[in-house]
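Chemist: Take a look at this one; I'll ask things after.
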Amino acid sequence: MVPRVQLPPEIQLAQRLAGNEQVTRDRAVRKLRKYIVARTGRAAGGFTHDELLKVWKGLFYCMWMQDKPLLQEELGRTISQLTHAFQTAEAQHLFLQTFWQTMNREWTGIDRLRLDKFYMLMRMVLNESLKALKTRGWEERHVEQLLGLLTREILHPDSQAPNGVKSHFIEIFLEELAKVGADELTADQNLKFIEPFCRIAAQTKDSLVLHNITRSIFETIVEQAPFAIEDLMNEMGVEDLSEGNEQELGELAEKPTRGSCRGAAVDLGEEQARGDEDSAGPVLQFDYEAVATKLFEVAGRQDTPSLNRKRLYKVIRKYVSPKACLFPEDDIPEKAARKLQEGRRGRKTAKRLPKCRLQNMTGRDGQEDLRADPSAGSRRTRQDVATGPTAPQEQTRAQGRRGARRRRRRPRAGARAKVTGCQEPEIKKKRTQANE
């Protein structure tokens with residue numbers, strides 16, 4: 001009898017992770033976490049690249065088999081938190097590298113019904129990888145290591161990442177970075193995080209990647225500039241209410257308003273809640289002049305394609321005015337802004353005037369002539385009276401012809417053009433002789 005071959009523990013766990021029963025899959029996930037902690041805790045322990053690829057294939061199909069949105073979210077959080085089970089930074093780095101390689105390999109086989117949960121898994125894994133940097137104090141060495149990994153596996157033109165993976169990663173990067181490090185990261189550190197996107201935007205020949213980076217990274221930073229200023233002022237202790245206003249609000253809070261059962265403090269709390277709903281959430285702080293300088297540096301290189309250079313210069317123009325986050329039209333008084341808008345509308349109508357002249361020749365021009373010369377109006381009324389009886393007939397004829405379909409006159413079948421050197425038919429010759 002042939003002895004049974006003992007499979008490696010990684011393959012056994014991968015088989016159970018991809019099982020049909022949910023109970024089997026949940027047990028396999030818990031055992032995998034314990035196995036990772038035990039193996040990476042030893043001095044000589046650790047995983048190889050191929051072993052982690054097998055583990056991630058099992059985790060991929062574990063997510064594939066999971067249904068119901070709440071259970072999918074719980075499983076995605078459990079899988080992404082396996083990053084913290086690795087005891088060393090090198091093991092975490094290898095674990096994240098094999099995850100993105102697995103997503104690049106399996107992406108084309110995902111159907112549209114399962115696409116959303118893998119989008120969610122990518123977002124959660126990115127979030128946990130940034131939290132791992134936060135636990136290490138945002139050390140520059142670990143930051144560069146993670147950014148190099150993401151650039152090599154996703155953003156670089158030579159990577160095997162599909163367009164779906166690239167587009168989703170570019171879209172969620174700033175959002176997840178703000179969730180994790182908006183309270184701790186400085187403007188210089190944030191510039192370090194977007195440097196790979198600056199280089200890829202200057203090098204890539206893929207117009208889709210260039211558009212996604214400019215829209216989701218650089219233009220998003222400009223759009224969030226007012227919220228970033230507000231957060232910065234709140235951190236510096238600048239408050240809108242003075243001490244006297246605070247005392248008045250306190251007195252109003254003690255005395256309930258007439259005809260209402262709630263005090264002013266409740267109304268103030270409602271207004272504050274509405275303001276929280278209108279806020280854009282955590283926002284990153286940036287030095288806009290430094291960002292524009294970096295973009296100008298990468299766009300001015302000789303190997304930068306002309307299309308990328310034009311697009312980056314267009315983005316740089318948006319960074320020049322918000323250097324101190326001052327938007328020109330915000331400082332204009334209300335009347336001046338209204339006049340400015342009216343002037344713009346007037347210029348637009350002046351540009352469209354040649355197109356409208358032909359349509360308005362009979363209507364508007366006639367009215368203007370009547371206003372300018374009253375005698376012209378009297379002449380026109382006399383002409384209308386003189387031609388009055390015939391006008392209704394012409395109008396009825398025009399209405400009758402309006403619905404009719406115009407037909408082209410076709411030549412009769414027997415009619416032919418006379419051509420030199422062409423003999424006429426015998427029937428036509430007989431008719432001409434009879435007429436003679």
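Each chain of the structure tokens is named A, B, ... in the order shown, its residues numbered from 1; ligands are numbered from 1 in display order.
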Near Thr214 in chain A, within 10 Å and counting only C-alpha atoms, which residues show up once chain neighbours fewer than 4 positions away are dropped, as a list in words?

Modeler: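 Contacts, with the query itself left out: Ile170, Phe197, Cys198, Ala201, Val209, Leu210, Phe218, Glu219, Thr220, Ile221, Arg311, Leu312, Lys314 and Val315 of chain A.
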
Chemist: May I have the selected residues written with all heavy atoms, as a tab-separated table (two decimals), in the first residue's frame?

Modeler:
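Saved result, again_13.tsv, follows:
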```
chain	number	residue	atom	x	y	z
A	170	ILE	N	-5.59	54.33	-7.80
A	170	ILE	CA	-5.35	55.77	-7.90
A	170	ILE	C	-6.51	56.54	-7.27
A	170	ILE	O	-6.32	57.57	-6.62
A	170	ILE	CB	-5.14	56.17	-9.37
A	170	ILE	CG1	-3.85	55.55	-9.90
A	170	ILE	CG2	-5.08	57.68	-9.52
A	170	ILE	CD1	-3.68	55.66	-11.40
A	197	PHE	N	3.37	59.38	-7.99
A	197	PHE	CA	2.36	59.75	-8.97
A	197	PHE	C	2.86	60.85	-9.90
A	197	PHE	O	2.50	60.87	-11.08
A	197	PHE	CB	1.09	60.21	-8.24
A	197	PHE	CG	0.44	59.15	-7.41
A	197	PHE	CD1	0.69	59.05	-6.05
A	197	PHE	CD2	-0.41	58.22	-7.99
A	197	PHE	CE1	0.09	58.07	-5.29
A	197	PHE	CE2	-1.02	57.23	-7.23
A	197	PHE	CZ	-0.76	57.15	-5.88
A	198	CYS	N	3.71	61.75	-9.38
A	198	CYS	CA	4.31	62.78	-10.24
A	198	CYS	C	5.21	62.15	-11.30
A	198	CYS	O	5.15	62.52	-12.48
A	198	CYS	CB	5.10	63.78	-9.39
A	198	CYS	SG	4.12	64.68	-8.16
A	201	ALA	N	3.06	60.17	-13.86
A	201	ALA	CA	2.33	61.08	-14.74
A	201	ALA	C	3.22	61.67	-15.82
A	201	ALA	O	2.75	61.97	-16.92
A	201	ALA	CB	1.68	62.20	-13.92
A	209	VAL	N	-4.19	56.30	-17.53
A	209	VAL	CA	-3.46	56.47	-16.27
A	209	VAL	C	-3.15	57.94	-16.03
A	209	VAL	O	-3.29	58.45	-14.90
A	209	VAL	CB	-2.16	55.63	-16.29
A	209	VAL	CG1	-1.33	55.89	-15.06
A	209	VAL	CG2	-2.50	54.15	-16.39
A	210	LEU	N	-2.76	58.67	-17.07
A	210	LEU	CA	-2.47	60.10	-16.92
A	210	LEU	C	-3.73	60.86	-16.49
A	210	LEU	O	-3.68	61.71	-15.60
A	210	LEU	CB	-1.94	60.65	-18.24
A	210	LEU	CG	-1.65	62.15	-18.30
A	210	LEU	CD1	-0.59	62.53	-17.29
A	210	LEU	CD2	-1.24	62.56	-19.71
A	218	PHE	N	-4.00	65.20	-8.28
A	218	PHE	CA	-3.60	66.60	-8.29
A	218	PHE	C	-4.81	67.54	-8.23
A	218	PHE	O	-4.81	68.51	-7.46
A	218	PHE	CB	-2.77	66.89	-9.54
A	218	PHE	CG	-1.56	66.02	-9.65
A	218	PHE	CD1	-1.24	65.36	-10.83
A	218	PHE	CD2	-0.71	65.84	-8.57
A	218	PHE	CE1	-0.14	64.55	-10.93
A	218	PHE	CE2	0.41	65.04	-8.66
A	218	PHE	CZ	0.69	64.38	-9.85
A	219	GLU	N	-5.85	67.28	-9.02
A	219	GLU	CA	-7.01	68.16	-8.99
A	219	GLU	C	-7.81	67.99	-7.70
A	219	GLU	O	-8.44	68.93	-7.22
A	219	GLU	CB	-7.90	67.89	-10.21
A	219	GLU	CG	-7.24	68.30	-11.52
A	219	GLU	CD	-8.14	68.07	-12.71
A	219	GLU	OE1	-9.31	67.64	-12.49
A	219	GLU	OE2	-7.71	68.29	-13.85
A	220	THR	N	-7.79	66.79	-7.12
A	220	THR	CA	-8.46	66.59	-5.84
A	220	THR	C	-7.80	67.39	-4.73
A	220	THR	O	-8.48	67.92	-3.84
A	220	THR	CB	-8.46	65.09	-5.49
A	220	THR	OG1	-9.12	64.36	-6.53
A	220	THR	CG2	-9.18	64.84	-4.17
A	221	ILE	N	-6.48	67.51	-4.77
A	221	ILE	CA	-5.77	68.33	-3.78
A	221	ILE	C	-6.21	69.78	-3.87
A	221	ILE	O	-6.43	70.45	-2.85
A	221	ILE	CB	-4.25	68.19	-3.98
A	221	ILE	CG1	-3.80	66.76	-3.68
A	221	ILE	CG2	-3.49	69.18	-3.11
A	221	ILE	CD1	-2.35	66.48	-4.01
A	311	ARG	N	-0.46	68.44	-20.24
A	311	ARG	CA	-1.44	68.17	-19.19
A	311	ARG	C	-0.93	68.60	-17.81
A	311	ARG	O	-1.67	69.16	-17.00
A	311	ARG	CB	-1.76	66.67	-19.18
A	311	ARG	CG	-2.93	66.29	-18.27
A	311	ARG	CD	-4.22	66.89	-18.80
A	311	ARG	NE	-5.33	66.63	-17.92
A	311	ARG	CZ	-6.13	65.58	-18.00
A	311	ARG	NH1	-5.93	64.67	-18.93
A	311	ARG	NH2	-7.14	65.42	-17.17
A	312	LEU	N	0.35	68.37	-17.55
A	312	LEU	CA	0.92	68.76	-16.26
A	312	LEU	C	1.02	70.28	-16.13
A	312	LEU	O	0.80	70.83	-15.05
A	312	LEU	CB	2.29	68.12	-16.07
A	312	LEU	CG	2.30	66.60	-15.88
A	312	LEU	CD1	3.72	66.07	-15.79
A	312	LEU	CD2	1.51	66.21	-14.64
A	314	LYS	N	-1.02	72.36	-17.42
A	314	LYS	CA	-2.39	72.81	-17.15
A	314	LYS	C	-2.72	72.64	-15.66
A	314	LYS	O	-3.42	73.46	-15.06
A	314	LYS	CB	-3.36	72.03	-18.02
A	314	LYS	CG	-4.78	72.56	-18.01
A	314	LYS	CD	-5.69	71.73	-18.91
A	314	LYS	CE	-5.27	71.86	-20.36
A	314	LYS	NZ	-6.23	71.14	-21.25
A	315	VAL	N	-2.23	71.56	-15.06
A	315	VAL	CA	-2.45	71.34	-13.63
A	315	VAL	C	-1.66	72.35	-12.81
A	315	VAL	O	-2.15	72.86	-11.79
A	315	VAL	CB	-2.06	69.89	-13.25
A	315	VAL	CG1	-2.12	69.69	-11.75
A	315	VAL	CG2	-2.97	68.90	-13.94
```

Chemist: Which residues are close to Leu82 in chain A, i.e. within 10 Å by only C-alpha atoms, leaving aside same-chain residues fewer than 2 positions away? Reply as a CSV table (one decimal) with N, CA and C atoms, in the first residue's frame.

Modeler:
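Output file out_30.csv is given in full below:
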```
chain,number,residue,atom,x,y,z
A,29,VAL,N,-9.4,30.4,8.3
A,29,VAL,CA,-8.9,31.8,8.5
A,29,VAL,C,-8.3,31.9,9.9
A,30,ARG,N,-9.0,31.4,10.9
A,30,ARG,CA,-8.5,31.5,12.2
A,30,ARG,C,-7.2,30.7,12.4
A,32,LEU,N,-5.1,30.1,10.0
A,32,LEU,CA,-4.0,30.7,9.3
A,32,LEU,C,-3.4,31.9,10.1
A,33,ARG,N,-4.2,32.6,10.8
A,33,ARG,CA,-3.7,33.7,11.6
A,33,ARG,C,-2.7,33.2,12.7
A,34,LYS,N,-3.1,32.1,13.4
A,34,LYS,CA,-2.3,31.5,14.4
A,34,LYS,C,-1.0,30.9,13.8
A,36,ILE,N,0.5,32.1,11.1
A,36,ILE,CA,1.4,33.2,10.7
A,36,ILE,C,2.1,33.7,11.9
A,37,VAL,N,1.4,33.9,13.0
A,37,VAL,CA,2.0,34.4,14.2
A,37,VAL,C,3.1,33.5,14.8
A,77,ARG,N,-12.4,42.5,6.3
A,77,ARG,CA,-11.6,43.1,7.4
A,77,ARG,C,-10.7,42.1,8.1
A,78,THR,N,-11.2,40.9,8.2
A,78,THR,CA,-10.4,39.9,8.8
A,78,THR,C,-9.1,39.5,8.0
A,79,ILE,N,-9.3,39.4,6.7
A,79,ILE,CA,-8.2,39.1,5.8
A,79,ILE,C,-7.2,40.2,5.7
A,80,SER,N,-7.7,41.5,5.7
A,80,SER,CA,-6.7,42.6,5.6
A,80,SER,C,-6.0,42.8,6.9
A,84,HIS,N,-1.1,42.6,10.2
A,84,HIS,CA,-0.5,42.9,11.5
A,84,HIS,C,-0.1,41.6,12.2
A,85,ALA,N,-0.4,40.4,11.7
A,85,ALA,CA,0.0,39.2,12.3
A,85,ALA,C,1.5,38.9,12.0
A,86,PHE,N,2.0,39.5,11.0
A,86,PHE,CA,3.5,39.3,10.7
A,86,PHE,C,4.3,40.1,11.6
A,92,GLN,N,5.8,41.5,6.3
A,92,GLN,CA,4.6,42.3,5.9
A,92,GLN,C,4.8,42.8,4.5
A,95,PHE,N,4.1,39.9,2.2
A,95,PHE,CA,2.7,39.6,2.2
A,95,PHE,C,1.9,40.6,1.4
A,125,VAL,N,-7.1,46.4,2.4
A,125,VAL,CA,-5.7,46.0,2.5
A,125,VAL,C,-4.8,47.3,2.4
A,128,GLU,N,-4.9,49.0,5.8
A,128,GLU,CA,-4.2,48.3,6.8
A,128,GLU,C,-2.7,48.5,6.6
```

Chemist: Might you pull out every residue within 12 Å of Gly45 in chain A, with only C-alpha atoms counted and same-chain residues fewer than 5 positions away left off, and present them as an mmCIF file with N, CA and C atoms, in the first residue's frame?

Modeler:
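What ended up in selection_24.cif:
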```cif
data_model
loop_
_atom_site.group_PDB
_atom_site.id
_atom_site.type_symbol
_atom_site.label_atom_id
_atom_site.label_comp_id
_atom_site.auth_asym_id
_atom_site.auth_seq_id
_atom_site.Cartn_x
_atom_site.Cartn_y
_atom_site.Cartn_z
ATOM 1 N N TYR A 35 -1.123 30.363 12.612
ATOM 2 C CA TYR A 35 0.061 29.803 11.943
ATOM 3 C C TYR A 35 1.038 30.908 11.547
ATOM 4 N N ILE A 36 0.539 32.059 11.088
ATOM 5 C CA ILE A 36 1.410 33.179 10.712
ATOM 6 C C ILE A 36 2.143 33.724 11.932
ATOM 7 N N VAL A 37 1.411 33.902 13.027
ATOM 8 C CA VAL A 37 2.037 34.427 14.248
ATOM 9 C C VAL A 37 3.113 33.483 14.753
ATOM 10 N N ALA A 38 2.836 32.166 14.751
ATOM 11 C CA ALA A 38 3.800 31.190 15.269
ATOM 12 C C ALA A 38 5.033 31.088 14.384
ATOM 13 N N ARG A 39 4.826 31.141 13.058
ATOM 14 C CA ARG A 39 5.966 30.936 12.161
ATOM 15 C C ARG A 39 6.848 32.176 12.063
ATOM 16 N N THR A 40 6.260 33.352 12.004
ATOM 17 C CA THR A 40 7.076 34.570 11.890
ATOM 18 C C THR A 40 7.655 35.013 13.226
ATOM 19 N N PHE A 86 2.039 39.465 11.000
ATOM 20 C CA PHE A 86 3.452 39.263 10.692
ATOM 21 C C PHE A 86 4.286 40.116 11.649
ATOM 22 N N GLN A 87 5.326 39.520 12.171
ATOM 23 C CA GLN A 87 6.097 40.161 13.232
ATOM 24 C C GLN A 87 7.183 41.094 12.726
ATOM 25 N N THR A 88 7.583 40.959 11.480
ATOM 26 C CA THR A 88 8.668 41.781 10.944
ATOM 27 C C THR A 88 8.151 42.593 9.764
ATOM 28 N N ALA A 91 8.470 40.661 6.377
ATOM 29 C CA ALA A 91 7.398 39.691 6.135
ATOM 30 C C ALA A 91 6.110 40.397 5.724
#
```

Chemist: In Å, how far is it from CA of Leu94 in chain A to CA of Arg141 in chain A?

Modeler: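 Taking CA of Leu94 in chain A and CA of Arg141 in chain A, their separation equals 15.6 Å.
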
Chemist: In Å, with one decimal, what is the gap from CA of Lys192 in chain A to CA of Ile172 in chain A?

Modeler: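 If I compute the distance from CA of Lys192 in chain A to CA of Ile172 in chain A, I get 17.1 Å.
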
Chemist: I'd like the neighbourhood of Lys134 in chain A as a list in words, where a residue qualifies if any of its atoms comes within 10 Å (using only C-alpha atoms), though same-chain residues fewer than 3 positions away should be ignored.

Modeler: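 Answer for this query is Glu128, Ser129, Leu130, Lys131, Gly137, Trp138, Glu139, Val143, Val180, Gly181, Glu184 and Leu185 of chain A.
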
Chemist: With only C-alpha atoms as the counted atoms, please give the residues lying no more than 8 Å from range 289-293 of chain A, apart from itself and same-chain residues fewer than 6 positions off, as a tab-separated table (two decimals) with all heavy atoms, in the first residue's frame.

Modeler:
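Output (part24.tsv):
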```
chain	number	residue	atom	x	y	z
A	191	LEU	N	3.84	65.31	0.56
A	191	LEU	CA	4.50	65.45	-0.74
A	191	LEU	C	5.31	64.21	-1.08
A	191	LEU	O	5.38	63.80	-2.25
A	191	LEU	CB	5.40	66.69	-0.72
A	191	LEU	CG	6.17	67.00	-2.00
A	191	LEU	CD1	5.21	67.26	-3.16
A	191	LEU	CD2	7.10	68.18	-1.79
A	316	ILE	N	-0.45	72.69	-13.26
A	316	ILE	CA	0.39	73.64	-12.51
A	316	ILE	C	-0.28	75.01	-12.45
A	316	ILE	O	-0.19	75.70	-11.43
A	316	ILE	CB	1.78	73.73	-13.16
A	316	ILE	CG1	2.54	72.41	-12.94
A	316	ILE	CG2	2.58	74.89	-12.59
A	316	ILE	CD1	3.82	72.30	-13.74
A	319	TYR	N	-2.39	75.30	-9.53
A	319	TYR	CA	-1.68	75.39	-8.26
A	319	TYR	C	-1.08	76.77	-8.02
A	319	TYR	O	-0.73	77.10	-6.90
A	319	TYR	CB	-0.56	74.35	-8.21
A	319	TYR	CG	-1.02	72.99	-7.79
A	319	TYR	CD1	-1.47	72.08	-8.72
A	319	TYR	CD2	-1.01	72.60	-6.46
A	319	TYR	CE1	-1.90	70.82	-8.36
A	319	TYR	CE2	-1.44	71.35	-6.07
A	319	TYR	CZ	-1.88	70.46	-7.03
A	319	TYR	OH	-2.31	69.22	-6.65
A	320	VAL	N	-0.94	77.58	-9.06
A	320	VAL	CA	-0.28	78.87	-8.89
A	320	VAL	C	-1.15	79.82	-8.08
A	320	VAL	O	-0.70	80.47	-7.15
A	320	VAL	CB	0.05	79.49	-10.27
A	320	VAL	CG1	0.52	80.93	-10.10
A	320	VAL	CG2	1.11	78.66	-10.96
A	323	LYS	N	-1.72	79.18	-4.12
A	323	LYS	CA	-0.48	79.04	-3.37
A	323	LYS	C	-0.72	79.31	-1.89
A	323	LYS	O	-0.22	78.64	-1.01
A	323	LYS	CB	0.56	80.02	-3.91
A	323	LYS	CG	1.94	79.79	-3.39
A	323	LYS	CD	2.89	80.89	-3.76
A	323	LYS	CE	2.75	81.40	-5.14
A	323	LYS	NZ	3.75	82.42	-5.45
```

Chemist: Would you pick out the contacts of Ile154 in chain A at 9 Å or less, using only C-alpha atoms, so that residues sharing its chain but fewer than 6 positions from it are not included, and give the list as a PyMOL selection string?

Modeler: chain A and resi 100-101+104+160-162+165-166+169

Chemist: Any chance you can output those residues with all heavy atoms as a CSV table (one decimal), in the first residue's frame?

Modeler:
```csv
chain,number,residue,atom,x,y,z
A,100,TRP,N,-0.9,42.0,-4.1
A,100,TRP,CA,-1.2,42.8,-5.3
A,100,TRP,C,-0.8,41.9,-6.6
A,100,TRP,O,-1.5,42.1,-7.6
A,100,TRP,CB,-0.3,44.1,-5.3
A,100,TRP,CG,-0.8,45.1,-4.3
A,100,TRP,CD1,-0.2,45.4,-3.1
A,100,TRP,CD2,-2.0,45.8,-4.4
A,100,TRP,NE1,-0.9,46.3,-2.5
A,100,TRP,CE2,-2.1,46.6,-3.2
A,100,TRP,CE3,-3.1,45.9,-5.3
A,100,TRP,CZ2,-3.1,47.5,-3.0
A,100,TRP,CZ3,-4.1,46.7,-5.0
A,100,TRP,CH2,-4.2,47.5,-3.9
A,101,GLN,N,0.1,41.0,-6.4
A,101,GLN,CA,0.4,40.1,-7.6
A,101,GLN,C,-0.7,39.2,-7.8
A,101,GLN,O,-1.1,38.9,-9.0
A,101,GLN,CB,1.7,39.3,-7.3
A,101,GLN,CG,3.0,40.2,-7.3
A,101,GLN,CD,4.2,39.4,-7.0
A,101,GLN,OE1,4.1,38.3,-6.6
A,101,GLN,NE2,5.4,40.0,-7.1
A,104,ASN,N,-3.5,41.1,-9.5
A,104,ASN,CA,-3.2,41.4,-10.9
A,104,ASN,C,-3.4,40.1,-11.8
A,104,ASN,O,-3.9,40.2,-12.9
A,104,ASN,CB,-1.8,41.8,-11.1
A,104,ASN,CG,-1.6,43.2,-10.5
A,104,ASN,OD1,-2.5,44.0,-10.3
A,104,ASN,ND2,-0.3,43.5,-10.1
A,160,GLN,N,2.2,44.3,-14.5
A,160,GLN,CA,1.1,43.5,-15.1
A,160,GLN,C,-0.2,43.9,-14.6
A,160,GLN,O,-1.2,43.1,-14.8
A,160,GLN,CB,1.4,42.0,-14.8
A,160,GLN,CG,2.8,41.5,-15.2
A,160,GLN,CD,2.9,41.6,-16.7
A,160,GLN,OE1,2.0,41.3,-17.5
A,160,GLN,NE2,4.1,41.9,-17.2
A,161,ALA,N,-0.4,45.0,-13.9
A,161,ALA,CA,-1.7,45.4,-13.3
A,161,ALA,C,-2.6,45.8,-14.4
A,161,ALA,O,-2.3,46.6,-15.3
A,161,ALA,CB,-1.5,46.6,-12.4
A,162,PRO,N,-3.9,45.2,-14.4
A,162,PRO,CA,-4.9,45.7,-15.4
A,162,PRO,C,-5.4,47.1,-15.1
A,162,PRO,O,-5.1,47.7,-14.1
A,162,PRO,CB,-6.0,44.6,-15.1
A,162,PRO,CG,-5.4,43.5,-14.3
A,162,PRO,CD,-4.3,44.1,-13.6
A,165,VAL,N,-7.5,47.6,-11.8
A,165,VAL,CA,-6.7,47.7,-10.6
A,165,VAL,C,-6.0,49.1,-10.5
A,165,VAL,O,-6.0,49.7,-9.4
A,165,VAL,CB,-5.7,46.6,-10.5
A,165,VAL,CG1,-4.8,46.7,-9.3
A,165,VAL,CG2,-6.4,45.2,-10.5
A,166,LYS,N,-5.4,49.5,-11.6
A,166,LYS,CA,-4.7,50.8,-11.5
A,166,LYS,C,-5.7,52.0,-11.2
A,166,LYS,O,-5.4,52.8,-10.4
A,166,LYS,CB,-4.0,51.1,-12.9
A,166,LYS,CG,-2.8,50.2,-13.1
A,166,LYS,CD,-2.2,50.6,-14.5
A,166,LYS,CE,-1.0,49.8,-14.8
A,166,LYS,NZ,-0.4,50.1,-16.1
A,169,PHE,N,-7.0,51.9,-7.6
A,169,PHE,CA,-5.9,52.2,-6.6
A,169,PHE,C,-5.7,53.7,-6.6
A,169,PHE,O,-5.5,54.4,-5.6
A,169,PHE,CB,-4.6,51.5,-7.0
A,169,PHE,CG,-3.5,51.9,-6.2
A,169,PHE,CD1,-3.3,51.6,-4.8
A,169,PHE,CD2,-2.5,52.7,-6.8
A,169,PHE,CE1,-2.2,52.0,-4.1
A,169,PHE,CE2,-1.4,53.2,-6.0
A,169,PHE,CZ,-1.2,52.8,-4.7
```

Chemist: Would you please work out which residue, of A:Arg123, A:Arg42, A:Lys57, A:His49, is nearest to Ala14 in chain A when using only C-alpha atoms?

Modeler: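 Counting only C-alpha atoms, the residue closest to Ala14 in chain A is A:Lys57.
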
Chemist: Interatomic distance between CA of Pro196 in chain A and CA of Leu53 in chain A?

Modeler: 26.0 Å

Chemist: Determine the nearest neighbour of Thr108 in chain A from the options A:Pro282, A:Gly41, A:Gly164, A:Gly19, counting only C-alpha atoms.

Modeler: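 Going through A:Pro282, A:Gly41, A:Gly164, A:Gly19 one by one, the smallest distance to Thr108 in chain A is for A:Gly164.
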
Chemist: Taking only C-alpha atoms into account, which of A:Met103, A:Leu115, A:Leu17, A:Leu96 comes nearest Leu75 in chain A?

Modeler: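 Smallest separation from Leu75 in chain A among the options: A:Leu17.
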
Chemist: To test your reading of the structure, identify every residue in range 58-203 of chain A that backbone DSSP assigns to alpha helix (DSSP H), and report it as a ChimeraX atom specification.

Modeler: /A:58-65,69-80,89-106,115-135,140-150,163-181,187-203
